[in-house]
Structure formats: C-alpha cells, structure tokens
>>> print(open('data12.cif').read())   # mmCIF, C-alpha atoms
data_work
#
loop_
_atom_site.label_atom_id
_atom_site.label_comp_id
_atom_site.auth_asym_id
_atom_site.auth_seq_id
_atom_site.Cartn_x
_atom_site.Cartn_y
_atom_site.Cartn_z
CA MET A 1 16.40 -6.12 29.56
CA ARG A 2 19.24 -3.79 28.62
CA LYS A 3 18.48 -1.38 25.82
CA SER A 4 20.75 -1.11 22.82
CA ARG A 5 22.39 2.14 21.77
CA ASP A 6 20.03 2.45 18.80
CA GLN A 7 16.95 1.98 20.98
CA ILE A 8 18.12 4.72 23.33
CA TYR A 9 18.92 7.00 20.40
CA ASP A 10 15.43 6.43 18.94
CA GLU A 11 13.90 7.30 22.30
CA LEU A 12 15.93 10.48 22.43
CA LEU A 13 14.75 11.40 18.94
CA VAL A 14 11.12 10.78 19.90
CA LEU A 15 11.55 13.05 22.93
CA LYS A 16 13.03 15.77 20.74
CA CYS A 17 10.14 15.37 18.28
CA GLN A 18 7.68 15.76 21.13
CA SER A 19 9.29 19.06 22.02
CA GLY A 20 8.89 20.20 18.39
CA ASN A 21 12.36 19.62 16.95
CA LYS A 22 12.03 19.30 13.17
CA ALA A 23 15.59 18.06 12.61
CA ALA A 24 15.01 15.24 15.10
CA PHE A 25 11.83 14.28 13.30
CA GLU A 26 13.67 14.18 9.98
CA GLU A 27 16.29 11.92 11.50
CA LEU A 28 13.67 9.66 13.04
CA VAL A 29 11.93 9.33 9.68
CA GLY A 30 15.27 8.59 8.02
CA ARG A 31 15.98 5.81 10.51
CA TRP A 32 12.56 4.18 10.32
CA GLU A 33 11.31 4.80 6.80
CA LYS A 34 12.99 1.83 5.14
CA ARG A 35 12.07 -0.58 7.91
CA LEU A 36 8.40 0.42 7.77
CA TRP A 37 8.36 0.31 3.97
CA HIS A 38 9.82 -3.19 3.87
CA TYR A 39 7.22 -4.41 6.33
CA ALA A 40 4.37 -2.81 4.37
CA TYR A 41 5.73 -4.16 1.12
CA LYS A 42 6.06 -7.69 2.45
CA VAL A 43 2.51 -7.61 3.76
CA THR A 44 0.83 -6.00 0.75
CA GLY A 45 3.12 -7.16 -2.05
CA SER A 46 2.60 -3.86 -3.84
CA ASP A 47 5.25 -1.18 -4.18
CA SER A 48 2.82 1.73 -4.56
CA ALA A 49 0.51 0.47 -1.80
CA ALA A 50 3.51 0.17 0.53
CA TRP A 51 4.43 3.82 -0.14
CA ASP A 52 0.85 4.98 0.45
CA ILE A 53 0.56 2.98 3.65
CA VAL A 54 3.89 4.24 4.97
CA GLN A 55 2.86 7.81 4.20
CA GLU A 56 -0.45 7.37 6.05
CA THR A 57 1.43 5.79 8.93
CA TRP A 58 3.79 8.74 9.22
CA LEU A 59 0.90 11.17 9.12
CA ALA A 60 -0.72 9.25 11.98
CA ILE A 61 2.61 9.27 13.84
CA VAL A 62 2.90 13.06 13.40
CA LYS A 63 -0.60 13.43 14.78
CA GLY A 64 -0.05 11.22 17.80
CA ILE A 65 3.62 11.48 18.71
CA ARG A 66 3.13 14.27 21.23
CA LYS A 67 0.53 12.22 23.07
CA LEU A 68 2.90 9.27 23.44
CA ASN A 69 3.58 9.06 27.18
CA GLU A 70 6.24 6.38 27.14
CA VAL A 71 8.85 6.96 24.42
CA SER A 72 10.19 3.42 24.60
CA VAL A 73 6.95 2.08 23.09
CA PHE A 74 7.54 4.00 19.85
CA PRO A 75 8.56 0.94 17.75
CA ARG A 76 5.54 -1.09 18.88
CA TRP A 77 3.24 1.88 18.45
CA ALA A 78 4.54 2.65 14.95
CA PHE A 79 4.22 -0.98 13.90
CA ARG A 80 0.72 -1.21 15.33
CA ILE A 81 -0.34 1.78 13.22
CA LEU A 82 1.41 0.33 10.18
CA ASN A 83 -0.12 -3.09 10.71
CA ASN A 84 -3.61 -1.62 11.03
CA LYS A 85 -3.13 0.37 7.82
CA CYS A 86 -1.91 -2.76 6.03
CA THR A 87 -4.89 -4.75 7.29
CA ASP A 88 -7.28 -2.02 6.15
CA TRP A 89 -5.64 -2.01 2.75
CA LEU A 90 -5.89 -5.79 2.39
CA ARG A 91 -9.51 -5.70 3.49
CA LYS A 92 -10.33 -3.03 0.95
CA GLN A 93 -8.56 -4.70 -1.89
CA HIS A 94 -9.73 -8.31 -1.36
CA LEU A 95 -6.54 -9.18 -3.13
CA GLN A 96 -5.20 -11.92 -0.98
CA TYR A 97 -5.03 -14.47 -3.77
CA LYS A 98 -3.52 -11.95 -6.18
CA LEU A 99 -0.99 -10.90 -3.58
CA ASP A 100 0.14 -14.47 -3.06
CA ASN A 101 0.50 -14.97 -6.80
CA GLU A 102 2.40 -11.72 -7.20
CA LEU A 103 4.78 -12.45 -4.34
CA SER A 104 5.28 -16.01 -5.56
CA ARG A 105 6.15 -14.68 -9.01
CA GLN A 106 8.62 -12.18 -7.56
CA VAL A 107 10.23 -14.83 -5.42
CA GLN A 108 10.39 -17.16 -8.39
CA ASN A 109 12.16 -14.45 -10.41
CA GLU A 110 14.61 -13.78 -7.67
CA SER A 111 15.19 -17.47 -7.06
CA ASN A 112 16.07 -17.94 -10.68
CA ALA A 113 18.48 -15.06 -10.53
CA ARG A 114 20.34 -16.39 -7.53
CA GLN A 115 23.13 -18.77 -8.28
CA ASN A 116 24.47 -19.71 -4.89
CA THR A 117 21.45 -20.05 -2.71
CA ASN A 118 20.78 -22.63 -0.13
CA VAL A 119 18.03 -25.06 -1.19
CA LYS A 120 16.44 -25.20 2.25
CA SER A 121 16.32 -21.42 2.47
CA GLU A 122 14.63 -21.26 -0.90
CA LEU A 123 12.05 -23.84 0.13
CA LEU A 124 11.43 -21.94 3.31
CA ARG A 125 11.14 -18.66 1.45
CA ALA A 126 8.58 -20.16 -0.91
CA ALA A 127 6.68 -21.66 2.03
CA VAL A 128 6.58 -18.30 3.82
CA ILE A 129 5.15 -16.65 0.73
CA LYS A 130 2.41 -19.28 0.56
CA LEU A 131 1.27 -18.45 4.11
CA SER A 132 -1.73 -16.21 4.72
CA SER A 133 -0.92 -12.53 5.27
CA GLU A 134 -1.87 -12.92 8.95
CA GLN A 135 0.69 -15.70 9.44
CA ARG A 136 3.34 -13.89 7.41
CA VAL A 137 2.86 -10.76 9.53
CA LEU A 138 3.35 -12.81 12.68
CA LEU A 139 6.59 -14.33 11.42
CA MET A 140 7.89 -10.97 10.20
CA LEU A 141 7.26 -9.31 13.53
CA ARG A 142 8.96 -12.18 15.36
CA TYR A 143 11.92 -13.01 13.14
CA HIS A 144 12.53 -9.85 11.12
CA GLU A 145 11.63 -7.09 13.54
CA ASP A 146 12.69 -9.12 16.60
CA PHE A 147 9.69 -8.22 18.75
CA ASP A 148 8.94 -10.54 21.67
CA ILE A 149 5.59 -12.29 22.17
CA GLY A 150 4.22 -9.58 24.47
CA GLN A 151 5.13 -6.83 22.04
CA ILE A 152 3.59 -8.71 19.10
CA ALA A 153 0.40 -9.19 21.12
CA GLU A 154 0.31 -5.45 21.71
CA ILE A 155 0.89 -4.64 18.03
CA LEU A 156 -1.75 -7.07 16.79
CA GLY A 157 -4.18 -6.32 19.61
CA VAL A 158 -4.62 -9.98 20.64
CA PRO A 159 -3.77 -11.87 23.87
CA GLU A 160 -0.26 -13.30 24.29
CA GLY A 161 -1.63 -16.84 24.38
CA THR A 162 -3.19 -16.35 20.95
CA VAL A 163 0.14 -15.11 19.54
CA LYS A 164 1.94 -18.13 21.01
CA SER A 165 -0.55 -20.63 19.61
CA ARG A 166 -0.66 -18.94 16.18
CA LEU A 167 3.12 -18.85 16.04
CA HIS A 168 3.35 -22.48 17.04
CA ARG A 169 0.79 -23.48 14.38
CA THR A 170 2.53 -21.41 11.72
CA LEU A 171 5.96 -22.84 12.50
CA ASN A 172 4.56 -26.38 12.44
CA ARG A 173 2.92 -25.71 9.11
CA LEU A 174 6.16 -24.29 7.69
CA LYS A 175 8.13 -27.26 8.97
CA GLN A 176 5.71 -29.71 7.40
CA THR A 177 5.69 -27.85 4.08
CA VAL A 178 9.47 -27.71 3.89
CA GLU A 179 9.84 -31.39 4.82
CA HIS A 180 7.19 -32.37 2.30
CA ARG A 181 8.94 -30.41 -0.46
CA GLN A 182 12.33 -31.85 0.47
CA ASN A 183 10.95 -35.36 0.16
CA GLU A 184 9.49 -34.68 -3.27
CA MET B 1 16.00 -20.96 19.09
CA ASN B 2 15.77 -24.03 16.85
CA ASN B 3 17.15 -24.47 13.32
CA LEU B 4 13.89 -23.54 11.64
CA GLU B 5 13.73 -20.28 13.54
CA LYS B 6 17.38 -19.48 12.71
CA GLU B 7 16.70 -20.21 9.05
CA LEU B 8 13.58 -18.02 9.14
CA LYS B 9 15.61 -15.14 10.52
CA LYS B 10 18.05 -15.51 7.63
CA VAL B 11 15.23 -15.67 5.08
CA PHE B 12 13.63 -12.51 6.41
CA LYS B 13 16.93 -10.64 6.69
CA SER B 14 17.77 -11.46 3.08
CA GLY B 15 14.36 -10.20 1.92
CA LEU B 16 11.37 -12.12 0.68
CA GLY B 17 11.45 -10.99 -2.89
CA PHE B 18 11.67 -7.88 -5.00
CA GLU B 19 13.38 -4.91 -3.35
CA PRO B 20 13.64 -1.51 -5.01
CA GLY B 21 17.05 -0.18 -5.99
CA LYS B 22 18.70 2.30 -3.62
CA ASP B 23 18.25 5.24 -6.01
CA GLU B 24 14.61 4.49 -6.67
CA PHE B 25 13.91 4.13 -2.96
CA GLU B 26 15.62 7.42 -2.13
CA ARG B 27 13.83 9.29 -4.94
CA LYS B 28 10.40 8.16 -3.72
CA GLU B 29 11.40 8.68 -0.09
CA ILE B 30 12.38 12.31 -0.69
CA GLY B 31 9.05 13.07 -2.42
CA GLN B 32 7.04 11.53 0.37
CA MET B 33 9.05 12.97 3.21
CA LYS B 34 8.47 16.53 2.06
CA LEU B 35 4.74 16.14 2.69
CA ILE B 36 5.26 14.52 6.09
CA PHE B 37 7.72 17.19 7.26
CA GLU B 38 5.31 19.91 6.14
CA ARG B 39 2.58 18.25 8.21
CA PHE B 40 4.90 18.07 11.23
CA VAL B 41 5.76 21.78 10.97
CA LYS B 42 2.07 22.65 10.46
CA ASP B 43 1.15 20.66 13.55
CA ILE B 44 3.71 22.51 15.67
CA ARG B 45 2.50 25.85 14.32
CA GLN B 46 -1.08 24.93 15.18
CA ALA B 47 -0.11 24.04 18.75
CA ARG B 48 1.72 27.36 19.10
CA LEU B 49 -1.25 29.21 17.61
CA VAL B 50 -3.64 27.63 20.13
CA PHE B 51 -1.25 28.62 22.95
CA TRP B 52 -1.08 32.24 21.77
CA ILE B 53 -4.84 32.48 21.26
CA PHE B 54 -5.45 31.36 24.85
CA PHE B 55 -2.69 33.62 26.12
CA LEU B 56 -4.10 36.66 24.32
CA LEU B 57 -7.61 35.81 25.53
CA SER B 58 -6.33 35.74 29.10
CA ILE B 59 -4.57 39.10 28.62
CA GLY B 60 -7.79 40.43 27.06
CA MET B 61 -9.74 39.30 30.14
CA MET B 62 -7.23 41.06 32.39
CA VAL B 63 -7.46 44.31 30.41
CA ALA B 64 -11.26 44.15 30.27
CA GLY B 65 -11.37 43.39 34.00
CA TYR B 66 -9.16 46.38 34.78
CA ILE B 67 -11.18 48.77 32.58
CA GLY B 68 -14.44 47.40 34.03
CA LEU B 69 -13.15 47.83 37.58
CA ARG B 70 -12.20 51.47 36.89
CA SER B 71 -15.62 52.25 35.46
CA ALA B 72 -17.74 50.25 37.96
CA THR B 73 -19.81 52.29 40.39
CA ASP B 74 -21.25 49.71 42.81
CA THR B 75 -19.46 47.15 45.01
CA ARG B 76 -21.08 44.17 43.31
CA GLY B 77 -19.93 45.37 39.89
CA MET B 78 -16.41 46.00 41.19
CA LEU B 79 -16.22 42.50 42.69
CA SER B 80 -17.43 40.96 39.41
CA TRP B 81 -14.75 42.80 37.44
CA VAL B 82 -12.06 41.85 39.94
CA LEU B 83 -13.13 38.23 39.60
CA PHE B 84 -12.96 38.58 35.81
CA PHE B 85 -9.48 40.11 36.09
CA MET B 86 -8.32 37.36 38.45
CA ILE B 87 -9.50 34.58 36.11
CA GLY B 88 -7.46 36.14 33.26
CA PHE B 89 -4.46 36.69 35.51
CA ASN B 90 -4.53 33.14 36.89
CA SER B 91 -4.91 31.71 33.41
CA THR B 92 -1.68 33.38 32.26
CA ILE B 93 0.12 32.09 35.36
CA LEU B 94 -1.23 28.55 34.87
CA MET B 95 -0.20 28.58 31.21
CA LYS B 96 3.32 29.69 32.06
CA LEU B 97 3.49 27.10 34.83
CA TRP B 98 2.26 24.38 32.50
CA TYR B 99 4.83 25.39 29.86
CA TRP B 100 7.59 25.36 32.48
CA ILE B 101 6.58 21.90 33.76
CA VAL B 102 6.42 20.37 30.27
CA ASP B 103 9.67 22.03 29.20
CA THR B 104 11.49 20.87 32.35
CA LYS B 105 10.11 17.35 31.98
CA PHE B 106 11.40 17.12 28.40
CA ASN B 107 14.78 18.57 29.34
CA VAL B 108 15.24 16.12 32.22
CA LEU B 109 14.17 13.16 30.09
CA LYS B 110 16.47 14.26 27.25
CA GLU B 111 19.39 14.61 29.65
CA MET B 112 18.70 11.13 31.00
CA LYS B 113 18.60 9.66 27.50
CA GLN B 114 21.86 11.44 26.63
CA LEU B 115 23.45 9.87 29.68
CA GLN B 116 22.13 6.42 28.80
CA LEU B 117 23.44 6.92 25.28
CA GLN B 118 26.89 7.86 26.54
CA ILE B 119 26.95 4.85 28.86
CA ALA B 120 25.94 2.55 25.98
CA GLU B 121 28.63 4.09 23.75
CA GLN B 122 31.28 3.75 26.42
CA ALA B 123 30.27 0.14 26.88
CA GLY B 124 31.48 -0.32 23.33
CA GLU B 125 28.20 -0.32 21.40
CA LYS B 126 28.38 1.16 17.93
CA PRO B 127 25.49 2.62 15.92
CA ASN B 128 23.76 0.13 13.64
CA PRO B 129 24.94 0.88 10.09
CA GLU B 130 21.42 0.11 8.78
CA ASN B 131 20.08 3.16 10.65
#
>>> encode(input="data12.cif", output="structure tokens")
Amino acid sequence: MRKSRDQIYDELLVLKCQSGNKAAFEELVGRWEKRLWHYAYKVTGSDSAAWDIVQETWLAIVKGIRKLNEVSVFPRWAFRILNNKCTDWLRKQHLQYKLDNELSRQVQNESNARQNTNVKSELLRAAVIKLSSEQRVLLMLRYHEDFDIGQIAEILGVPEGTVKSRLHRTLNRLKQTVEHRQNE
Amino acid sequence: MNNLEKELKKVFKSGLGFEPGKDEFERKEIGQMKLIFERFVKDIRQARLVFWIFFLLSIGMMVAGYIGLRSATDTRGMLSWVLFFMIGFNSTILMKLWYWIVDTKFNVLKEMKQLQLQIAEQAGEKPNPEN
C-alpha cells in the first residue's frame, strides 16, 4: 500500500526524534496530541482523565521511542499505549455506567443544539454512545482512525479473527438499534 | 463499504459529543507539553551521560594500564597491564564504531524518508491541514 505524505512525514519526525532532535519531537507532539486526546476523551468520557492519559502516553512514548525499530509502526504503537492506558483507567474507575450516562448527556446537549442534523446520523450517534467501551473503541479505531483489521488486532492485542467477529457483531447491533429506533 | 459504515465514518469525524474550544485545548496542551518536552530532553541527557561515563571509564582503564605497565617488574604483571590497557582501548574504538553505525543508519534512513516525501509532494499530495 502506498504511504501518504503525512505518514512519510511522521516517520521522518520519528527518526529525527530517535536521533535526539527536540524540535522534531515538538512537531510530532503537535501533530498527534489532538488525535490522541480525542480518542482518550471518547473512550473515557472525561476531559481531565483524557489529559492525564495522554500525558502518561507521551511519557511512555518518550521512554520507548528510541527502541522503536520500525518507524512506520509509530501510529499503531502510540494507539496501543493509549488504549492500554484508557483500559487501565476504566478498570480503576469502574465507571462504565457513569461514563455512558455522561456521554449520553453530552450527546443529548449537542443534539439539542444542532438545528440541521440528519436524523439517521443522530440515531447512529446515540447508538454508538450506548455501546460498551470495548465496542466503541473498536469502531473508533476502524472508522475514525482508519486502521485496518490487522493493525487493530495489533493495537488491541487480540487475533485478527476476533477483531473481525467483534466488528461484525457490533455493526449488526448498531444496525438493529438504528432500525428499531427508526420504526418507533 | 456499506451505508452504515459510511455513516459511521461521518459520525466519528463530526465528533461524538462535547469537544473543548480551541483556546481551552491549546492552553491545556501548552501546560502539558512543557513537562513532556522536559522529560524528552532529560532522557537525551541521560543517554549522553551514560555514553560519557563509559567513555571516561575506558580512558581511565587505558591510563591505568599504561601506568601499571611502566611500573610492572615481571612479565606476568606486564602482560596483565597490557591486557587491561587493550580492553580500555578496544572499548573506546567499539563505542566510536557503534556511534558511527547508529549515526550513519539514521542519516541514511532520514535521507530515504526525505526522498519519499519529495516524491509524494511531487505526485501532488498536500499536507493534511488537520496536522
């Protein structure tokens, strides 16, 4: 598969970081910070937790970046660290039900504020929020971060077959929920 | 990709819910980044420190070996000090060699990435404005 300009540029930045270039590291952080924060926020549902998790992730990246043999795996590697930190946080907090409520409330607020939104998109958005964090993570990695099945399997540390079946189940569940709501 | 998947992509791209304002995000980002950059610089300094400690130890072994050789009276003692000197001397050479290999590897890889980047740019790809 051909790499995009941005992928190549990220790889170049990682190489420069490995040789100790501070400016390159600053640029790499600038390019990835928001993306990592959004992911952490969507998994945890907490603004402050997302910041803490992203900070811990960057500290782990600083520690391990020089040991990264293949620079092209940086996105997967960074997301794997981030995902593990998010999972740890969720495990510690036991806040799954609170998280769902909080996210649902936020979505509800935003839905009310939007005037010209598509009804199906709103139903889908609400259905995504109702999913478990594990299922939401899977969908985010696939449809927001555009990782392929193999890369997701690597990030989550599970076999590709498991990712495929989980994704299939999650999509079916979403489809059923949206259809059910549309019929109501 | 079916309709559901296309719709999901749109939903995720538009955000699932609350997003912080640009100013708020940047303010928090700056505070956090300072700590991370400090850690990065500290990490580099530590690596350099370890290099210099080993380098100075090797030089120390060479000096001690030379002094020992000059003051040794028997053949066995002289051979031991020569061996000591040689270990220090070889260590400095191996460290320089290792540094040269790593430095060259990074330079070659960086050059290759620069070339790939130029090819991608000439093919008409533009940087993603989100980055």
>>> resolve_selection(input="data12.cif", expression="the PyMOL selection byres ((chain B and resi 56-62) around 8)", output="list of chain:residue names")
B:Trp52, B:Ile53, B:Phe54, B:Phe55, B:Val63, B:Ala64, B:Gly65, B:Tyr66, B:Phe84, B:Phe85, B:Met86, B:Ile87, B:Gly88, B:Phe89, B:Ser91, B:Thr92
>>> residues_around(input="data12.cif", residues="Ser72 (chain A)", least_positions_apart="5", cutoff="9 Å", atoms="all atoms listed in the file", output="list in words")
Gln7, Ile8, Asp10, Glu11 and Val14 of chain A
>>> write_last_selection(input="data12.cif", atoms="C-alpha atoms", output="short mmCIF file (atom, residue, chain, number, x, y, z; two decimals), in the frame of the given file")
data_model
loop_
_atom_site.label_atom_id
_atom_site.label_comp_id
_atom_site.auth_asym_id
_atom_site.auth_seq_id
_atom_site.Cartn_x
_atom_site.Cartn_y
_atom_site.Cartn_z
CA GLN A 7 16.95 1.98 20.98
CA ILE A 8 18.12 4.72 23.33
CA ASP A 10 15.43 6.43 18.94
CA GLU A 11 13.90 7.30 22.30
CA VAL A 14 11.12 10.78 19.90
#
>>> closest_residue(input="data12.cif", among="B:Lys9, B:Lys105, B:Asn2, B:Leu115", to="chain A", atoms="only C-alpha atoms")
B:Lys9
>>> residues_around(input="data12.cif", residues="Val29 (chain A)", least_positions_apart="2", cutoff="10 Å", atoms="only C-alpha atoms", output="count of residues only")
16
>>> closest_residue(input="data12.cif", among="B:Ile101, B:Val82, B:Leu8, B:Ile93", to="chain A", atoms="only C-alpha atoms")
B:Leu8
>>> axis_aligned_box(input="data12.cif", around="region 175-182 of chain A", padding_each_side="6 Å", output="lines of an AutoDock Vina configuration file")
center_x = 9.0
center_y = -29.8
center_z = 4.3
size_x = 18.6
size_y = 17.1
size_z = 21.4
>>> closest_residue(input="data12.cif", among="A:Glu134, A:Glu122, A:Asp88, A:Asp148", to="chain B", atoms="all atoms listed in the file")
A:Glu122
>>> resolve_selection(input="data12.cif", expression="the PyMOL selection byres ((chain A and resi 150) around 10)", output="list of chain:residue names")
A:Phe147, A:Asp148, A:Ile149, A:Gln151, A:Ile152, A:Ala153, A:Glu154, A:Ile155, A:Val158, A:Pro159, A:Glu160, A:Gly161, A:Val163, A:Lys164
>>> resolve_selection(input="data12.cif", expression="the PyMOL selection byres ((chain B and resi 120) around 12)", output="MDAnalysis selection string")
(chainID A and resid 2:9) or (chainID B and resid 113:119 121:127)
>>> closest_residue(input="data12.cif", among="A:Asn69, A:Ser19, A:Thr170, A:Asn84", to="chain B", atoms="all atoms listed in the file")
A:Ser19
>>> residues_around(input="data12.cif", residues="Val41 (chain B)", least_positions_apart="5", cutoff="9 Å", atoms="all atoms listed in the file", output="list in words")
Gly20 and Lys22 of chain A; Ile36 and Gln46 of chain B
